[in-house]
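Note sheet for the following structure.
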Amino acid sequence: MSILATKDTHVVIQGGVAGVNAAKRMAEFRYMIKQPLNVSAFVYPPDAGKTNDIICGTELVAVPIYKTVAEATANHPEINTSLVYVGANRAYEGSLDALNDPKIHTVSMITEGLPEKDSKLLGKHARKLGKVFNGPSSIGVVSAGECRLGVIGGAFDNLTACKLYRPGSFGVITKSGGLSNEIIWICSQFADGITTAIGIGGDAYPGTDYVSYLEMFENDLSTKAVVIVGEMGGDLEERAAEWYGAKKRRIKLLAVVSGFCQESLPKGMKFGHAGAKEGLKGEGSARAKSEALKKSGAIVPDTFGALGPAIKATHEELLKSGEVKAIPDLAPADVPRLPKTVAEAKKDGEVLVAPLIRSTISDDRGDEPLYQGYPASELINSGYDIPHIIGLLWDNRLVSKQEAEIIKRIIMLSADHGPCVSGALTTVIAACAGIGLSQAVAAGMIMIGPRFGGAVTDAGRWFKYAIDNKMSVEDFLAYMKQNVGPVPGIGHRVKSLKNPDKRVKELVGYVKSLGMNTPHLDFALEVEKITSVKKDNLILNVDGTMAAVLVDIKFPVDSLNGFFILARTIGMIGHWTDQKRQGSRLIRLFDYLVNYASPKRREVPPLK
Amino acid sequence: MAKVLEGPGMGLLQKWGLKTPNYVVVSSADEFDQLASANDWLSSSKLVVKAHEALGSRFKLGLVKVGLDLAAAKSAVRDMLGKQVESVTIKQVIVSQAIDHTEEYYAAAQSTRDGVEIMTTTYGGVEVEANWDKVKRILVDIGETPTDSALAGLAKDAGFTGDTASKMAEFLKKLFICFDNEDAQYLEINPVVKDGNGDLIALDAVTLLDGDAKFRHKDWTFPFAAEFGRAYTKNEEEVMAVDAKVKGSVKLIEIPGGNIAMLPAGGGASVYYSDAVVARGGKLANYAEYSGDPPDWAVEVLTEKVCSLPKLKHIIVGGAIANFTDVKKTFGGIINAFRKAKGEGKLDGVKIWVRRGGPNEKQGLAAMSALKDEGFDIHVFDRTTPLTDIVDMAMAAN
């Protein structure tokens, strides 16, 4: 049994991020007591029509978001409670909507900083309608084993530590949010826990004061005692005292009031207006409240520290009189626990997760990337260069200084070949069409294939095939003619013996100068000797040269196209930024560059 | 509650049709001279000169001069501006027209739980305190407006007669309208007097407005003044500036002469901690609190200020079991400031007492305990130790 927040409570939450967070906490509570989520809807106009996904145990529940309270209750007729997480400048209107909704009976406002006038008006309106407006500045309401409104109770492990999964016998009413949690804890340690704990908020004029809730507790037979935590200012504690003393009450009342320190504080801390005369008679002071409560028959410990023992004594009386029975504690294994995330379960060694992907080249989990285990910064600071990174990430090894130099030259030679070639031209056209950088470069890269830039791998594959099978040049050419077609790496649109490709000359010259063993390059040059005799332009092109050299320095065949792609990206990016810098306009091919070979204009035959 | 000084207070009364004397608020003697040339009343009337600062007992401090002619007023203005009184430098002075009068009345409106209480008595001025039982009042329910007959009845009850009674009823009506429209919490006009024309005029106003309503008052361009009879200290102002910026809150009030510093969490728990210190005869060096999961740097600033209080013996880092304030994160801010303060020698001989619960409490408390290894005299307790026991322990350790 409980008050205000019960197993029949269904909630609409008005607000954005803060409201979603509250729903999350409420879901954890419901999971703890093995009940479904009791948040039916959100009201948040900016996101109306969407849903908020709330984790409930191991499931995600999609809770719809509406523009107005009326829409929410029309679509979810079970709603009877609203939580207001709307900002102070709109909270009044939001709460009024909720109170005026025929379905909603209880509105609890979390918002702080609501103007007092608004607070008073909402309280009056609620009373007129026979409804409950709780707050403002309320941390929420929680009924053990039944329902939680808001984040009161905190994290999950606190919920279970305070045994909020099952009801006890003590009701709690506090102004302070933090202290509500403390009293819940004290009741669970010194007594048998709570029935319902309510934060009424610390504003000067709470929508609902102690008396209304005391009345509800008095009518809730499962609540045997109520703990009030009050403070100086206002007269809520005095009214509670008046109520308690008005006639014999079933519930026991315990109360502490803070603010005795005001008496000893320097004069400067008092308000200096005529109203303070009221204070001269001691009204509104902590002492006056304490006295009033004591006179009414409540148990009023002198200090906060004495509250725990007072609660304990009260509980023992209840046990003795038979009004309550001792509630056995749950065995530790039975205490509810939140489901672990996969990461947590893995950390605790409770779950075996079969990886989806196996990666051998790099590791990003530390403070900097590891390339094949080598920290990037250390490679940098030890003088390694980009070609070494290529070797590590493409072939899982640290290449030698010599090999690095070769790779570097290959990249430098292949970085760009002007704006006319397929890849660059495509990137230029894309840039002039207003396409973004990565898309334009991607477009250029799509051009890399059998006829442009993409022959490196195939050239390498076949030169390697020849060497591996100890073929002669003639056998090789015959084999290729029979089974493959033109030799990849041989031939160029423009370059020829008469118009040689200096890139090839440079690369070959450099490699040769190193005195390395280069069987593939040597073979390729032999092949060129034969093919260039047949036709002038059947020279060893730059793709073929790169391929032969790279195979000679032991790069796997499948990685070879990567060198061209990587290098040419430098040029493509350059072409894009170049066109952007110039503010170039859209390019359209001139029609005189097209051979229009489609049929001349003719009559359209009748449709048959 | 936001206190508003006389100048803006009078301005609000005027806005709603209540009569006030002419007045000017000036920040320099030159400004006053210029205004004097431009406004006849400054030369032709007797003047009252008051320091326009949030100070209590201004009359006793010689900061209220009455019955002055313009020359004397100019001299008084020059004297007061720039004067250092307690912790305040007088930056503004208000000069108002003295109104010759015989009777002094009292009128006030105050916020109550059910609405607004309107109060009045013919025994106004300095007499009102001694005659408090003669103050008559009516309660206006929230959302309603007092009827003319109710106000007429109140004026009669309070002892007003004839024309004055109807004038006071009218005055009270306007006072209510001002109160209601300006989201006021307390408006006290003492004294209300009759001017030369027989009209009721407000000679002074104590104005407390609901600071939370500021968002709907674009014309509240005036600053709010400190409410406790002294200006805010530099540390308090810096903490207030941080408080205004962040989610959650941080608060600080300095109390000279104390040696037990407070650094508790929560508006509620913090008062219980203060009570515990006072109950055991300790002397508070400050009041403070942080709550609502403020960012760690905000709590660090607060801690920094607390650590710089002079002659400390103990720092109480207390708190209940938080609902959503991250204990690890907020403690991180406190620990940063502790380290800095220790490095500056501020924590020599100071004992630190910690008690807290809430999200990530274990890590937070562990981080505090680890400070022992850095030479801090720190004692850390968790939720199993009752809330304010650390105060008992601190007092016993003396």
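In the structure tokens, the first chain shown is A, the next is B, and so on; residue numbers restart at 1 for each chain, and ligands run from 1 in the order shown.
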
Give as a ChimeraX atom specification every residue of chain B that touches chain A within 6 Å, counting only C-alpha atoms.
/B:113,212-213,228-229,268,271-272,275,278,320-324,359

Go ahead and write the selection's residues with N, CA and C atoms as a compact mmCIF listing (two decimals), in the first residue's frame.
# COMPACT_ATOMS: atom_id res chain seq x y z
N ARG B 113 1.00 32.28 2.13
CA ARG B 113 0.72 31.01 1.47
C ARG B 113 -0.52 31.06 0.58
N ASP B 212 13.05 34.87 -9.01
CA ASP B 212 12.78 33.83 -10.00
C ASP B 212 11.89 34.32 -11.14
N ALA B 213 11.19 35.45 -10.93
CA ALA B 213 10.28 35.94 -11.96
C ALA B 213 10.98 36.85 -12.96
N PHE B 228 21.20 40.86 3.58
CA PHE B 228 21.43 40.77 5.01
C PHE B 228 22.25 41.91 5.57
N GLY B 229 21.91 43.09 5.16
CA GLY B 229 22.42 44.27 5.86
C GLY B 229 23.87 44.57 5.61
N GLY B 268 19.33 21.35 2.04
CA GLY B 268 18.73 20.83 3.27
C GLY B 268 19.77 20.37 4.26
N VAL B 271 22.09 22.91 6.23
CA VAL B 271 21.60 23.60 7.43
C VAL B 271 21.71 22.69 8.63
N TYR B 272 21.45 21.39 8.44
CA TYR B 272 21.62 20.45 9.55
C TYR B 272 23.07 20.39 10.00
N ASP B 275 23.61 23.47 12.01
CA ASP B 275 22.97 23.28 13.32
C ASP B 275 23.87 22.45 14.22
N VAL B 278 26.80 24.46 15.61
CA VAL B 278 26.37 25.44 16.62
C VAL B 278 25.93 24.73 17.90
N ALA B 320 24.31 14.28 2.42
CA ALA B 320 23.41 13.13 2.54
C ALA B 320 23.69 12.20 1.36
N ILE B 321 22.75 11.33 1.06
CA ILE B 321 22.93 10.39 -0.05
C ILE B 321 22.30 11.03 -1.27
N ALA B 322 23.12 11.44 -2.20
CA ALA B 322 22.64 12.21 -3.35
C ALA B 322 21.72 11.37 -4.23
N ASN B 323 20.77 12.05 -4.83
CA ASN B 323 19.90 11.38 -5.80
C ASN B 323 20.57 11.31 -7.17
N PHE B 324 21.18 12.44 -7.59
CA PHE B 324 21.78 12.43 -8.92
C PHE B 324 23.08 13.21 -9.02
N PRO B 359 25.52 8.59 -6.22
CA PRO B 359 26.10 7.95 -7.40
C PRO B 359 27.63 8.03 -7.38

Who sits within 9 Å of B:Leu35, only C-alpha atoms, same chain under 4 positions skipped, as a short mmCIF file (atom, residue, chain, number, x, y, z; two decimals) with C-alpha atoms, in the first residue's frame:
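Result went into out.cif, see below:
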data_model
loop_
_atom_site.label_atom_id
_atom_site.label_comp_id
_atom_site.auth_asym_id
_atom_site.auth_seq_id
_atom_site.Cartn_x
_atom_site.Cartn_y
_atom_site.Cartn_z
CA VAL B 24 17.58 61.17 -8.17
CA VAL B 26 23.69 59.68 -8.50
CA ASP B 30 29.34 66.13 -10.97
CA GLU B 31 26.30 64.18 -11.97
CA ASN B 39 15.68 70.06 -11.90
CA LEU B 42 16.51 70.25 -6.12
#

Name all residues at most 10 Å from A:Ser400 (count only C-alpha atoms; drop same-chain ones fewer than 4 positions away) and give them as a PyMOL selection string.
chain A and resi 387-388+391+404-406+553

Separation of atom CA of A:Gly491 and atom CA of A:Ile539, in Å?
5.1 Å

Please provide the set of residues having any atom within 12 Å of A:His76, restricted to only C-alpha atoms, with same-chain residues fewer than 6 positions apart removed, written as a list in words.
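The residues satisfying every condition are His10, Val11, Val12, Asn38, Val39, Ser40, Ala41, Phe42, Val63, Pro64, Ile65, Tyr66, Val69, Ala70, Lys103 and Ile104 of chain A.
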
Limited to N, CA and C atoms, could you put the picked residues into a file as a tab-separated table (two decimals), in the first residue's frame?
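Contents of part.tsv, as written:
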chain	number	residue	atom	x	y	z
A	10	HIS	N	0.17	5.71	-13.93
A	10	HIS	CA	0.70	5.74	-15.30
A	10	HIS	C	1.02	7.19	-15.62
A	11	VAL	N	2.20	7.39	-16.18
A	11	VAL	CA	2.78	8.73	-16.20
A	11	VAL	C	2.98	9.30	-17.60
A	12	VAL	N	2.72	10.59	-17.74
A	12	VAL	CA	3.20	11.33	-18.89
A	12	VAL	C	4.26	12.29	-18.36
A	38	ASN	N	6.17	2.28	-16.58
A	38	ASN	CA	4.91	2.99	-16.34
A	38	ASN	C	4.90	4.40	-16.89
A	39	VAL	N	5.85	4.69	-17.77
A	39	VAL	CA	5.82	5.98	-18.47
A	39	VAL	C	5.17	5.72	-19.82
A	40	SER	N	3.99	6.28	-20.04
A	40	SER	CA	3.26	6.01	-21.28
A	40	SER	C	3.63	6.95	-22.40
A	41	ALA	N	4.02	8.17	-22.06
A	41	ALA	CA	4.24	9.16	-23.11
A	41	ALA	C	5.06	10.32	-22.59
A	42	PHE	N	5.64	11.07	-23.55
A	42	PHE	CA	6.29	12.34	-23.24
A	42	PHE	C	5.52	13.45	-23.94
A	63	VAL	N	8.91	5.07	-26.34
A	63	VAL	CA	7.82	5.82	-25.73
A	63	VAL	C	7.53	7.04	-26.59
A	64	PRO	N	6.29	7.18	-27.07
A	64	PRO	CA	6.01	8.26	-28.01
A	64	PRO	C	6.03	9.65	-27.37
A	65	ILE	N	6.34	10.64	-28.21
A	65	ILE	CA	6.40	12.04	-27.78
A	65	ILE	C	5.27	12.80	-28.47
A	66	TYR	N	4.52	13.57	-27.70
A	66	TYR	CA	3.40	14.33	-28.25
A	66	TYR	C	3.63	15.81	-28.09
A	69	VAL	N	-0.42	17.73	-23.80
A	69	VAL	CA	-0.89	16.77	-22.81
A	69	VAL	C	-2.17	16.09	-23.31
A	70	ALA	N	-3.04	16.88	-23.91
A	70	ALA	CA	-4.33	16.33	-24.38
A	70	ALA	C	-4.10	15.21	-25.39
A	103	LYS	N	-8.09	13.40	-17.30
A	103	LYS	CA	-7.54	12.10	-16.91
A	103	LYS	C	-6.51	12.21	-15.78
A	104	ILE	N	-5.88	13.37	-15.70
A	104	ILE	CA	-4.73	13.48	-14.79
A	104	ILE	C	-5.17	13.94	-13.42

Counting only C-alpha atoms, which residue out of A:Pro328, A:Gly449, A:Gly57, A:Pro136 sits closest to A:Asp192?
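Of A:Pro328, A:Gly449, A:Gly57, A:Pro136, the one nearest A:Asp192 is A:Pro328, counting only C-alpha atoms.
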
Please return as a ChimeraX atom specification: the residues of stretch 45-176 of chain A that backbone DSSP assigns to helix (DSSP H, G or I).
/A:45-47,69-75,91-100,116-129,156-161

Just N, CA and C atoms for this one: save the residues we selected as a compact mmCIF listing (two decimals), in the first residue's frame.
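After the write, result24.txt holds the following:
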# COMPACT_ATOMS: atom_id res chain seq x y z
N PRO A 45 7.05 19.48 -27.51
CA PRO A 45 6.71 19.90 -28.86
C PRO A 45 7.84 19.81 -29.88
N PRO A 46 9.09 20.17 -29.56
CA PRO A 46 10.12 20.10 -30.60
C PRO A 46 10.30 18.69 -31.18
N ASP A 47 10.02 17.67 -30.38
CA ASP A 47 10.23 16.30 -30.87
C ASP A 47 8.93 15.54 -31.07
N VAL A 69 -0.42 17.73 -23.80
CA VAL A 69 -0.89 16.77 -22.81
C VAL A 69 -2.17 16.09 -23.31
N ALA A 70 -3.04 16.88 -23.91
CA ALA A 70 -4.33 16.33 -24.38
C ALA A 70 -4.10 15.21 -25.39
N GLU A 71 -3.16 15.41 -26.30
CA GLU A 71 -2.85 14.35 -27.27
C GLU A 71 -2.35 13.10 -26.56
N ALA A 72 -1.50 13.33 -25.58
CA ALA A 72 -0.92 12.18 -24.87
C ALA A 72 -1.99 11.37 -24.17
N THR A 73 -2.89 12.06 -23.46
CA THR A 73 -3.91 11.31 -22.71
C THR A 73 -4.96 10.73 -23.65
N ALA A 74 -5.19 11.38 -24.78
CA ALA A 74 -6.13 10.81 -25.74
C ALA A 74 -5.60 9.50 -26.29
N ASN A 75 -4.31 9.45 -26.56
CA ASN A 75 -3.70 8.24 -27.10
C ASN A 75 -3.38 7.19 -26.04
N ALA A 91 6.77 26.47 -17.14
CA ALA A 91 6.27 25.38 -16.30
C ALA A 91 4.84 25.62 -15.84
N TYR A 92 4.49 26.89 -15.65
CA TYR A 92 3.12 27.18 -15.18
C TYR A 92 2.11 26.69 -16.20
N GLU A 93 2.31 27.09 -17.46
CA GLU A 93 1.38 26.71 -18.52
C GLU A 93 1.31 25.19 -18.66
N GLY A 94 2.48 24.56 -18.64
CA GLY A 94 2.52 23.10 -18.78
C GLY A 94 1.76 22.40 -17.67
N SER A 95 1.97 22.88 -16.44
CA SER A 95 1.29 22.24 -15.31
C SER A 95 -0.21 22.48 -15.37
N LEU A 96 -0.59 23.66 -15.82
CA LEU A 96 -2.02 23.97 -15.93
C LEU A 96 -2.68 23.03 -16.92
N ASP A 97 -2.01 22.81 -18.05
CA ASP A 97 -2.52 21.84 -19.04
C ASP A 97 -2.76 20.50 -18.39
N ALA A 98 -1.79 20.07 -17.61
CA ALA A 98 -1.90 18.75 -16.98
C ALA A 98 -3.04 18.73 -15.97
N LEU A 99 -3.10 19.76 -15.12
CA LEU A 99 -4.16 19.77 -14.10
C LEU A 99 -5.54 19.83 -14.75
N ASN A 100 -5.64 20.54 -15.85
CA ASN A 100 -6.95 20.68 -16.50
C ASN A 100 -7.35 19.46 -17.29
N GLU A 116 6.88 32.47 -7.36
CA GLU A 116 5.97 32.08 -6.27
C GLU A 116 4.51 32.22 -6.64
N LYS A 117 4.23 33.28 -7.40
CA LYS A 117 2.83 33.52 -7.78
C LYS A 117 2.31 32.31 -8.54
N ASP A 118 3.10 31.81 -9.49
CA ASP A 118 2.69 30.66 -10.30
C ASP A 118 2.45 29.45 -9.41
N SER A 119 3.36 29.29 -8.44
CA SER A 119 3.25 28.17 -7.51
C SER A 119 1.94 28.23 -6.75
N LYS A 120 1.63 29.39 -6.22
CA LYS A 120 0.41 29.54 -5.43
C LYS A 120 -0.82 29.28 -6.28
N LEU A 121 -0.80 29.82 -7.52
CA LEU A 121 -1.95 29.65 -8.41
C LEU A 121 -2.17 28.18 -8.73
N LEU A 122 -1.09 27.47 -8.98
CA LEU A 122 -1.23 26.05 -9.32
C LEU A 122 -1.76 25.26 -8.12
N GLY A 123 -1.26 25.59 -6.93
CA GLY A 123 -1.73 24.90 -5.73
C GLY A 123 -3.22 25.13 -5.53
N LYS A 124 -3.63 26.39 -5.69
CA LYS A 124 -5.05 26.72 -5.50
C LYS A 124 -5.90 26.01 -6.54
N HIS A 125 -5.43 26.01 -7.77
CA HIS A 125 -6.20 25.40 -8.85
C HIS A 125 -6.34 23.90 -8.62
N ALA A 126 -5.25 23.28 -8.19
CA ALA A 126 -5.31 21.84 -7.92
C ALA A 126 -6.32 21.53 -6.84
N ARG A 127 -6.28 22.33 -5.78
CA ARG A 127 -7.21 22.09 -4.67
C ARG A 127 -8.64 22.27 -5.14
N LYS A 128 -8.85 23.29 -5.98
CA LYS A 128 -10.21 23.55 -6.50
C LYS A 128 -10.70 22.33 -7.28
N LEU A 129 -9.80 21.70 -8.03
CA LEU A 129 -10.20 20.55 -8.85
C LEU A 129 -10.14 19.24 -8.07
N PHE A 156 20.76 2.71 -9.07
CA PHE A 156 20.13 1.42 -8.81
C PHE A 156 20.65 0.77 -7.54
N ASP A 157 21.96 0.84 -7.33
CA ASP A 157 22.48 0.16 -6.14
C ASP A 157 21.99 0.82 -4.85
N ASN A 158 21.62 2.08 -4.92
CA ASN A 158 21.02 2.72 -3.75
C ASN A 158 19.58 2.22 -3.55
N LEU A 159 18.86 2.00 -4.64
CA LEU A 159 17.48 1.49 -4.53
C LEU A 159 17.48 0.17 -3.77
N THR A 160 18.41 -0.71 -4.14
CA THR A 160 18.41 -2.01 -3.48
C THR A 160 18.98 -1.91 -2.07
N ALA A 161 19.99 -1.06 -1.87
CA ALA A 161 20.52 -0.88 -0.52
C ALA A 161 19.44 -0.39 0.43

Of B:Met10, B:Gly125, B:Ala394, B:Thr120, the one nearest to B:Lys156 when counting only C-alpha atoms is B:Thr120

How far is it from atom CA of A:Ile390 to atom CA of A:Val456, in Å with one decimal?
16.6 Å

What's the 8 Å shell around B:Val140, counting only C-alpha atoms, without same-chain residues fewer than 5 positions away, as a PyMOL selection string?
chain B and resi 114-118+145-146

Requested write-out: C-alpha atoms of the selected residues, as an mmCIF file, in the first residue's frame:
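part-v8.cif, written as the output of this step:
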data_model
loop_
_atom_site.group_PDB
_atom_site.id
_atom_site.type_symbol
_atom_site.label_atom_id
_atom_site.label_comp_id
_atom_site.auth_asym_id
_atom_site.auth_seq_id
_atom_site.Cartn_x
_atom_site.Cartn_y
_atom_site.Cartn_z
ATOM 1 C CA ASP B 114 -2.809 31.726 0.310
ATOM 2 C CA GLY B 115 -2.180 34.972 -1.501
ATOM 3 C CA VAL B 116 -1.352 38.507 -0.466
ATOM 4 C CA GLU B 117 -1.818 40.184 2.867
ATOM 5 C CA ILE B 118 -2.501 43.916 2.744
ATOM 6 C CA THR B 145 -8.105 41.403 -6.622
ATOM 7 C CA PRO B 146 -9.259 43.167 -3.437
#

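Take atom CA of A:Asp416 and atom CA of A:Gln402: the distance between them is 23.4 Å.
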
Quick one: pick out all strand (DSSP E) residues within stretch 198-264 of chain A from a backbone DSSP run and write them as a list in words.
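Answer for stretch 198-264 of chain A restricted to strand (DSSP E) is Ile198, Gly199, Ala225, Val226, Val227, Ile228, Val229, Gly230, Glu231, Lys252, Leu253, Leu254, Ala255, Val256, Val257 and Ser258 of chain A.
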
Would you mind exporting the chosen residues as an mmCIF file, in the first residue's frame, restricted to C-alpha atoms?
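For reference, again28.cif as written:
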data_model
loop_
_atom_site.group_PDB
_atom_site.id
_atom_site.type_symbol
_atom_site.label_atom_id
_atom_site.label_comp_id
_atom_site.auth_asym_id
_atom_site.auth_seq_id
_atom_site.Cartn_x
_atom_site.Cartn_y
_atom_site.Cartn_z
ATOM 1 C CA ILE A 198 7.594 12.358 -0.948
ATOM 2 C CA GLY A 199 9.752 15.334 -1.776
ATOM 3 C CA ALA A 225 4.700 6.155 11.211
ATOM 4 C CA VAL A 226 5.697 9.237 9.241
ATOM 5 C CA VAL A 227 9.009 11.066 9.325
ATOM 6 C CA ILE A 228 9.017 14.769 8.459
ATOM 7 C CA VAL A 229 12.215 16.641 7.701
ATOM 8 C CA GLY A 230 11.547 20.348 7.955
ATOM 9 C CA GLU A 231 13.401 23.622 8.050
ATOM 10 C CA LYS A 252 3.165 8.082 14.794
ATOM 11 C CA LEU A 253 4.901 11.277 13.780
ATOM 12 C CA LEU A 254 8.645 11.919 13.959
ATOM 13 C CA ALA A 255 10.073 15.242 12.906
ATOM 14 C CA VAL A 256 13.361 17.089 12.759
ATOM 15 C CA VAL A 257 13.645 20.750 11.878
ATOM 16 C CA SER A 258 16.798 22.546 10.778
#

Do a neighbour search on B:Lys351 at 8 Å with only C-alpha atoms, toss out local chain neighbours closer than 4 positions, and write the hits as an MDAnalysis selection string.
chainID B and resid 313:315 376:379 394

How about saving the chosen residues, N, CA and C atoms kept, as a PDB file, in the first residue's frame?
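And here is the file that came out, selection.pdb:
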ATOM      1  N   LYS B 313      40.158  25.478  11.621  1.00  0.00           N
ATOM      2  CA  LYS B 313      40.609  24.272  12.298  1.00  0.00           C
ATOM      3  C   LYS B 313      40.057  23.026  11.604  1.00  0.00           C
ATOM      4  N   HIS B 314      38.826  23.148  11.095  1.00  0.00           N
ATOM      5  CA  HIS B 314      38.198  21.991  10.459  1.00  0.00           C
ATOM      6  C   HIS B 314      37.476  22.412   9.195  1.00  0.00           C
ATOM      7  N   ILE B 315      37.423  21.484   8.244  1.00  0.00           N
ATOM      8  CA  ILE B 315      36.548  21.664   7.083  1.00  0.00           C
ATOM      9  C   ILE B 315      35.602  20.466   7.042  1.00  0.00           C
ATOM     10  N   PHE B 376      47.425  14.893   3.739  1.00  0.00           N
ATOM     11  CA  PHE B 376      46.269  15.619   4.259  1.00  0.00           C
ATOM     12  C   PHE B 376      45.813  14.966   5.565  1.00  0.00           C
ATOM     13  N   ASP B 377      45.358  15.784   6.515  1.00  0.00           N
ATOM     14  CA  ASP B 377      44.778  15.256   7.757  1.00  0.00           C
ATOM     15  C   ASP B 377      43.276  15.090   7.493  1.00  0.00           C
ATOM     16  N   ILE B 378      42.946  14.006   6.804  1.00  0.00           N
ATOM     17  CA  ILE B 378      41.581  13.851   6.307  1.00  0.00           C
ATOM     18  C   ILE B 378      40.972  12.564   6.832  1.00  0.00           C
ATOM     19  N   HIS B 379      39.693  12.634   7.194  1.00  0.00           N
ATOM     20  CA  HIS B 379      38.969  11.495   7.752  1.00  0.00           C
ATOM     21  C   HIS B 379      37.709  11.277   6.944  1.00  0.00           C
ATOM     22  N   ALA B 394      34.707  15.977  14.773  1.00  0.00           N
ATOM     23  CA  ALA B 394      35.586  17.135  14.621  1.00  0.00           C
ATOM     24  C   ALA B 394      35.670  17.893  15.946  1.00  0.00           C
TER      25      ALA B 394
END

Tell me which protein, DNA and RNA residues are within 12 Å of B:Leu347, counting only C-alpha atoms, leaving out same-chain ones fewer than 2 positions away, and put them as JSON, numbers by chain.
{"B": [261, 303, 304, 306, 307, 308, 309, 310, 311, 312, 313, 314, 315, 337, 338, 339, 340, 341, 342, 343, 344, 345, 349, 350, 351, 352, 375, 376, 377, 378]}

Counting only C-alpha atoms, which residue out of A:Leu413, A:Asp348, A:Arg568, A:Gly16 sits closest to A:Asp501?
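Closest candidate: A:Leu413.
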
Between B:Phe179, B:Tyr23, B:Tyr186, B:Phe171, which is the closest to B:Ser45 once you count only C-alpha atoms?
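Between B:Phe179, B:Tyr23, B:Tyr186, B:Phe171, the residue approaching B:Ser45 most closely is B:Tyr23.
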
When you count only C-alpha atoms, which of these residues is closest to B:Ala108: B:Ile390, B:Val246, B:Ala285, B:Met168?
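Closest candidate: B:Met168.
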